[in-house]
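For reference, the structure discussed in these notes is given below.
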Amino acid sequence: METKTFVVPNISCGHCTRTIENELADVAGVTAVKAEIESKKVTVSWDDPATWQAINGLLHEINYPPEQLIQLG
């Protein structure tokens, strides 16, 4: 399993975090998603067939692009 934590500057409310969590949870292979309003941090964990490229692409598509990678796992 891989895990990444990153900052998404566009997070401003609970709707933002729910959108990110719901959209990423629908990606095949994503096992956990946690988005935080205050810190604007998102942590996502996944296994195959999900890839960072697919997750990153979806985040850009829904207008919540990651800006700063905090942790690689």
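Following the order of the structure tokens, first chain is A, next is B, and so on, with residues numbered from 1 inside each chain and ligands from 1 in the order they appear.
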
Quiz item: Hey, what does DSSP flag as strand (DSSP E or B) within range 11-66 of chain A? Can you give it to me as a PyMOL selection string?
Solution: chain A and resi 30-35+41-46

Selected residues, N, CA and C atoms, written as a compact mmCIF listing (two decimals), in the first residue's frame, please.
# COMPACT_ATOMS: atom_id res chain seq x y z
N VAL A 30 -8.29 2.75 -4.04
CA VAL A 30 -8.12 3.70 -2.92
C VAL A 30 -8.74 3.07 -1.68
N THR A 31 -7.95 2.99 -0.61
CA THR A 31 -8.39 2.32 0.61
C THR A 31 -8.77 3.29 1.72
N ALA A 32 -8.23 4.52 1.70
CA ALA A 32 -8.55 5.50 2.73
C ALA A 32 -8.28 6.91 2.21
N VAL A 33 -9.15 7.84 2.61
CA VAL A 33 -8.97 9.26 2.27
C VAL A 33 -9.40 10.08 3.48
N LYS A 34 -8.57 11.03 3.88
CA LYS A 34 -8.91 11.94 4.97
C LYS A 34 -8.50 13.35 4.57
N ALA A 35 -9.48 14.25 4.51
CA ALA A 35 -9.20 15.65 4.17
C ALA A 35 -9.54 16.51 5.39
N LYS A 41 -4.83 19.72 4.60
CA LYS A 41 -4.08 18.50 4.27
C LYS A 41 -5.03 17.38 3.86
N VAL A 42 -4.56 16.59 2.92
CA VAL A 42 -5.27 15.40 2.48
C VAL A 42 -4.29 14.24 2.58
N THR A 43 -4.76 13.13 3.15
CA THR A 43 -3.97 11.90 3.18
C THR A 43 -4.77 10.84 2.44
N VAL A 44 -4.12 10.20 1.50
CA VAL A 44 -4.78 9.15 0.71
C VAL A 44 -3.89 7.91 0.70
N SER A 45 -4.52 6.76 0.86
CA SER A 45 -3.82 5.47 0.80
C SER A 45 -4.45 4.63 -0.29
N TRP A 46 -3.62 3.86 -0.99
CA TRP A 46 -4.16 3.05 -2.09
C TRP A 46 -3.29 1.84 -2.36

Exercise. Enumerate as a list in words all residues of chain A assigned to alpha helix (DSSP H) by DSSP on the backbone, naming them with the chain letters and numbers the document uses.
Key: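 In chain A, DSSP puts these residues in alpha helix (DSSP H): Gly14, His15, Cys16, Thr17, Arg18, Thr19, Ile20, Glu21, Asn22, Glu23, Leu24, Ala25, Trp52, Gln53, Ala54, Ile55, Asn56, Gly57, Leu58, Leu59, His60 and Glu61 of chain A.
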
Using C-alpha atoms, can you export the residues from the last selection as a short mmCIF file (atom, residue, chain, number, x, y, z; two decimals), in the first residue's frame?
data_model
loop_
_atom_site.label_atom_id
_atom_site.label_comp_id
_atom_site.auth_asym_id
_atom_site.auth_seq_id
_atom_site.Cartn_x
_atom_site.Cartn_y
_atom_site.Cartn_z
CA GLY A 14 -16.67 20.92 4.74
CA HIS A 15 -18.10 20.64 1.24
CA CYS A 16 -14.56 20.75 -0.15
CA THR A 17 -13.35 17.96 2.12
CA ARG A 18 -16.43 15.80 1.41
CA THR A 19 -16.00 16.27 -2.33
CA ILE A 20 -12.35 15.21 -2.20
CA GLU A 21 -13.08 12.25 0.08
CA ASN A 22 -16.07 11.05 -1.99
CA GLU A 23 -14.39 11.46 -5.37
CA LEU A 24 -11.16 9.74 -4.34
CA ALA A 25 -13.03 6.95 -2.53
CA TRP A 52 -0.64 8.42 -7.87
CA GLN A 53 -0.97 9.63 -11.46
CA ALA A 54 -4.68 8.70 -11.50
CA ILE A 55 -5.31 10.24 -8.07
CA ASN A 56 -3.41 13.43 -8.95
CA GLY A 57 -5.23 13.66 -12.28
CA LEU A 58 -8.64 13.35 -10.60
CA LEU A 59 -7.74 16.02 -8.05
CA HIS A 60 -6.86 18.40 -10.89
CA GLU A 61 -10.06 17.46 -12.74
#

Self-check item: Contacts of Ala28 in chain A within 10 Å, only C-alpha atoms, excl. fewer than 6 positions in-chain, as a list in words
Solution: Trp46, Asp47, Asp48, Pro49, Ala50 and Thr51 of chain A

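Checking A:Ile37, A:Ile11, A:Val27, A:Thr5 one by one against Gln68 in chain A, counting only C-alpha atoms, you find the shortest gap at A:Thr5.
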
Exercise. For CA of Pro66 in chain A and CA of Pro9 in chain A, determine how far apart the two atoms are, in Å to one decimal place.
Key: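 Value for the CA of Pro66 in chain A-CA of Pro9 in chain A distance: 7.5 Å.
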
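Considering the residues A:Asp26, A:Val7, A:Ser39, A:Cys13 and counting only C-alpha atoms, Pro65 in chain A has its shortest atom-to-atom contact with A:Val7.
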